[in-house]
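Structure file model20.tsv; described as TSV, C-alpha atoms.
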```
chain	number	residue	atom	x	y	z
A	3	MET	CA	-92.18	22.09	34.22
A	4	THR	CA	-95.74	23.37	34.47
A	5	ASP	CA	-97.14	25.87	31.98
A	6	GLU	CA	-97.06	28.54	34.67
A	7	THR	CA	-93.44	27.80	35.58
A	8	TYR	CA	-92.52	27.80	31.90
A	9	SER	CA	-94.23	31.18	31.43
A	10	ASP	CA	-92.42	32.58	34.47
A	11	PHE	CA	-89.12	31.24	33.17
A	12	MET	CA	-89.60	32.74	29.70
A	13	ARG	CA	-90.63	36.08	31.24
A	14	MET	CA	-87.49	36.00	33.41
A	15	LEU	CA	-85.31	35.42	30.32
A	16	LYS	CA	-87.00	38.37	28.62
A	17	ASP	CA	-86.73	40.64	31.70
A	18	ASP	CA	-83.05	39.80	32.26
A	19	PRO	CA	-81.51	39.00	28.87
A	20	ARG	CA	-77.91	39.02	30.17
A	21	PHE	CA	-77.78	35.25	30.52
A	22	LYS	CA	-78.68	32.51	28.06
A	23	LEU	CA	-80.99	29.65	28.90
A	24	GLU	CA	-77.98	27.32	29.11
A	25	ALA	CA	-76.56	29.35	32.01
A	26	TYR	CA	-79.70	28.76	34.07
A	27	GLN	CA	-79.75	25.06	33.21
A	28	PHE	CA	-76.08	24.74	34.09
A	29	VAL	CA	-76.48	26.45	37.49
A	30	ARG	CA	-79.36	24.12	38.36
A	31	GLU	CA	-77.30	21.08	37.36
A	32	ALA	CA	-74.32	22.45	39.31
A	33	LEU	CA	-76.52	22.79	42.40
A	34	SER	CA	-77.34	19.09	42.24
A	35	PHE	CA	-73.67	18.29	41.61
A	36	GLY	CA	-72.69	20.47	44.58
A	37	GLN	CA	-75.13	18.82	46.95
A	38	ASN	CA	-73.58	15.46	46.13
A	39	TYR	CA	-70.02	16.81	46.10
A	40	PHE	CA	-70.26	18.37	49.55
A	41	GLU	CA	-72.12	15.37	51.03
A	42	LEU	CA	-69.24	13.13	49.96
A	43	ASN	CA	-66.72	15.52	51.47
A	44	ASP	CA	-68.69	15.66	54.73
A	45	GLU	CA	-68.60	11.85	54.96
A	46	ASP	CA	-64.82	11.90	54.55
A	47	GLU	CA	-64.51	14.42	57.40
A	48	GLU	CA	-66.76	12.30	59.61
A	49	ASP	CA	-64.36	9.38	59.24
A	50	ASP	CA	-61.88	11.36	61.35
A	51	ASP	CA	-64.48	11.51	64.14
A	52	LEU	CA	-64.89	7.74	64.34
A	53	ALA	CA	-62.21	7.44	67.00
A	54	LEU	CA	-64.69	7.99	69.85
A	55	ASP	CA	-64.93	6.05	73.08
A	56	GLU	CA	-67.75	3.50	73.14
A	57	GLU	CA	-69.52	5.54	75.84
A	58	GLU	CA	-69.60	8.57	73.55
A	59	MET	CA	-71.20	6.47	70.82
A	60	ILE	CA	-74.26	5.48	72.88
A	61	LEU	CA	-77.20	7.74	72.01
A	62	ASP	CA	-80.69	7.88	73.43
A	63	ASP	CA	-83.58	7.22	71.07
A	64	ASP	CA	-85.07	10.59	72.20
A	65	GLU	CA	-82.24	12.40	70.43
A	66	PHE	CA	-83.82	11.54	67.09
A	67	ASP	CA	-87.17	13.01	66.05
A	68	ASP	CA	-87.51	11.14	62.77
A	69	GLU	CA	-85.43	13.89	61.16
A	70	ASP	CA	-85.10	11.76	58.04
A	71	ASP	CA	-88.86	12.05	57.48
A	72	ASP	CA	-88.86	15.86	57.80
A	73	PRO	CA	-88.45	17.48	54.35
A	74	GLU	CA	-87.43	20.80	55.95
A	75	TRP	CA	-84.59	19.10	57.83
A	76	GLN	CA	-83.47	17.29	54.65
A	77	GLU	CA	-83.47	20.57	52.76
A	78	GLN	CA	-81.25	22.20	55.40
A	79	GLU	CA	-78.87	19.25	55.22
A	80	ARG	CA	-78.54	19.64	51.46
A	81	HIS	CA	-78.38	23.46	51.48
A	82	LEU	CA	-75.33	25.10	49.93
A	83	THR	CA	-74.12	28.60	50.74
A	84	GLY	CA	-73.36	31.00	47.91
A	85	GLN	CA	-69.64	30.34	48.23
A	86	MET	CA	-70.19	26.57	48.27
A	87	LEU	CA	-72.35	26.76	45.16
A	88	CYS	CA	-69.68	28.86	43.40
A	89	GLU	CA	-67.08	26.24	44.26
A	90	ALA	CA	-69.40	23.47	43.04
A	91	ILE	CA	-69.97	25.41	39.81
A	92	ARG	CA	-66.21	25.76	39.32
A	93	ASN	CA	-65.67	22.02	39.80
A	94	PHE	CA	-68.65	21.07	37.65
A	95	ALA	CA	-67.62	23.47	34.85
A	96	GLN	CA	-64.09	22.09	34.83
A	97	GLN	CA	-65.42	18.55	34.80
A	98	GLN	CA	-67.86	19.28	31.96
A	99	TYR	CA	-65.81	21.66	29.80
A	100	GLY	CA	-62.17	21.38	30.92
A	101	LEU	CA	-60.02	24.29	29.79
A	102	MET	CA	-62.98	25.62	27.78
A	103	ALA	CA	-65.04	26.26	30.96
A	104	LYS	CA	-64.38	30.01	31.05
A	105	THR	CA	-65.12	30.35	27.34
A	106	VAL	CA	-68.38	28.40	27.63
A	107	LEU	CA	-69.58	30.36	30.68
A	108	ASN	CA	-68.64	33.66	29.02
A	109	SER	CA	-70.59	32.66	25.89
A	110	TRP	CA	-73.68	32.35	28.11
A	111	GLY	CA	-73.13	35.84	29.54
A	112	VAL	CA	-71.55	34.64	32.79
A	113	GLU	CA	-68.28	36.42	33.57
A	114	THR	CA	-68.09	36.60	37.38
A	115	THR	CA	-69.28	34.70	40.44
A	116	SER	CA	-71.62	37.65	41.01
A	117	HIS	CA	-73.42	36.58	37.84
A	118	PHE	CA	-74.02	33.17	39.44
A	119	GLY	CA	-75.76	35.05	42.25
A	120	ASP	CA	-77.90	36.95	39.74
A	121	ILE	CA	-78.90	33.67	38.10
A	122	VAL	CA	-79.68	31.99	41.42
A	123	TYR	CA	-81.77	34.91	42.66
A	124	ASN	CA	-83.64	35.10	39.34
A	125	LEU	CA	-84.48	31.41	39.80
A	126	ILE	CA	-85.50	32.05	43.42
A	127	ASP	CA	-87.80	34.86	42.26
A	128	ILE	CA	-89.74	32.48	40.02
A	129	GLY	CA	-89.79	29.64	42.55
A	130	MET	CA	-87.32	27.32	40.80
A	131	MET	CA	-84.80	27.51	43.65
A	132	LYS	CA	-85.09	28.19	47.37
A	133	LYS	CA	-83.03	30.15	49.84
A	134	SER	CA	-82.55	30.06	53.58
A	135	PRO	CA	-83.02	33.13	55.79
A	136	GLN	CA	-79.22	33.39	56.11
A	137	ASP	CA	-78.62	33.55	52.35
A	138	ARG	CA	-77.73	36.87	50.80
A	139	ARG	CA	-77.23	37.82	47.18
A	140	GLU	CA	-73.82	39.28	48.14
A	141	ASP	CA	-72.60	35.81	49.15
A	142	PHE	CA	-71.77	35.25	45.48
A	143	ASP	CA	-69.73	38.41	44.98
A	144	GLY	CA	-65.99	38.05	44.38
A	145	VAL	CA	-65.73	34.38	45.37
A	146	TYR	CA	-63.06	33.84	42.72
A	147	ASP	CA	-61.72	35.42	39.57
A	148	PHE	CA	-62.67	33.51	36.41
A	149	GLU	CA	-59.23	33.90	34.83
A	150	ASP	CA	-57.59	32.45	37.95
A	151	ALA	CA	-60.15	29.71	38.59
A	152	PHE	CA	-60.64	28.45	35.05
A	153	VAL	CA	-57.33	29.22	33.35
A	154	ARG	CA	-54.34	29.88	35.62
A	155	ASP	CA	-55.33	27.51	38.44
A	156	PHE	CA	-56.97	24.90	36.23
A	157	ARG	CA	-56.49	21.43	37.61
A	158	ILE	CA	-57.76	18.04	36.63
A	159	GLU	CA	-59.11	16.04	39.55
A	160	VAL	CA	-58.67	12.31	39.18
A	161	THR	CA	-61.22	10.18	40.98
A	162	GLU	CA	-61.51	6.42	41.20
A	163	GLU	CA	-64.28	6.60	38.60
A	164	SER	CA	-62.08	8.42	36.10
A	165	SER	CA	-58.84	6.51	36.60
A	166	PRO	CA	-58.00	3.61	34.26
A	167	ARG	CA	-58.66	0.15	35.59
```
How would this structure read if it were set down as structure tokens?
Amino acid sequence: MTDETYSDFMRMLKDDPRFKLEAYQFVREALSFGQNYFELNDEDEEDDDLALDEEEMILDDDEFDDEDDDPEWQEQERHLTGQMLCEAIRNFAQQQYGLMAKTVLNSWGVETTSHFGDIVYNLIDIGMMKKSPQDRREDFDGVYDFEDAFVRDFRIEVTEESSPR
């Protein structure tokens, strides 16, 4: 973090004291988690599309413009909507804090998905996150109720990595 970014970040915390530093750090970590989470899910969905005829699988070289080398294209591929980020945050919070997720988030000043939007847009304002032209602050409003998501509907997801060998 540069001195300028650090100054902007500290000013943001002073200007909007509703959320603790940990809330901002957590949302940034959850964004990274979400990008990986949704990429894995996309790969699973693509497996269903593998039953194509051989003719459909032949592609011209012109159809590819070295998209992998274009940072803007990569950014679009890894972009999460507000609702997707809220879902990633829910999963990440449950993974990190279990049944204490709601309590931990509340202790940082975060009580609704709308607060995630406030945090994200504060980070956008200081250049620590980016948004697409389609993104709106309202995308974070009312995505889920914390009591439902973190207490009533709490579930433990077992993955191959977490299951005993």
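Shortest separation to A:Met102 among A:Asp127, A:Asp18, A:Glu149, A:Asp137 occurs at residue A:Glu149, atoms counted being only C-alpha atoms.
All residues of protein, DNA or RNA that reach within 12 Å of A:Thr83, judged by all atoms listed in the file and not counting those fewer than 6 positions away in the chain, are Leu33, Gly36, Gln37, Phe40, Glu89, Ala90, Gly119, Val122, Lys132, Lys133, Ser134, Pro135, Gln136, Asp137, Arg138, Arg139, Glu140, Asp141, Phe142 and Val145 of chain A.
Each of A:Tyr123, A:Phe28, A:Trp110, A:Tyr146 was checked against A:Met86 using all atoms listed in the file; the smallest atom-to-atom distance is that of A:Tyr146.
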Rank nothing, just name the residue among A:Asn38, A:Gln85, A:Thr4, A:Ser109 nearest to A:Asp143, using only C-alpha atoms.
A:Gln85
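Using all atoms listed in the file, the nearest neighbour of A:Arg13 within the list A:Asn124, A:Asp147, A:Cys88, A:Met131 is A:Asn124.
Proximity to A:Phe118 was assessed for A:Thr7, A:Gln97, A:Thr105, A:Gln27 counting only C-alpha atoms; the smallest distance is recorded for A:Gln27.
The space separating atom CA of A:Arg157 from atom CA of A:Phe94 comes to 12.2 Å.
You will find atom CA of A:Ile91 at 14.4 Å from atom CA of A:Asp150.
Pairwise distance (atom CA of A:Ser116, atom CA of A:Gly144) equals 6.6 Å.
Here the question is which of A:Phe148, A:Leu82, A:Val153, A:Met130 gets nearest to A:Asp10 using all atoms listed in the file, and that residue is A:Met130.
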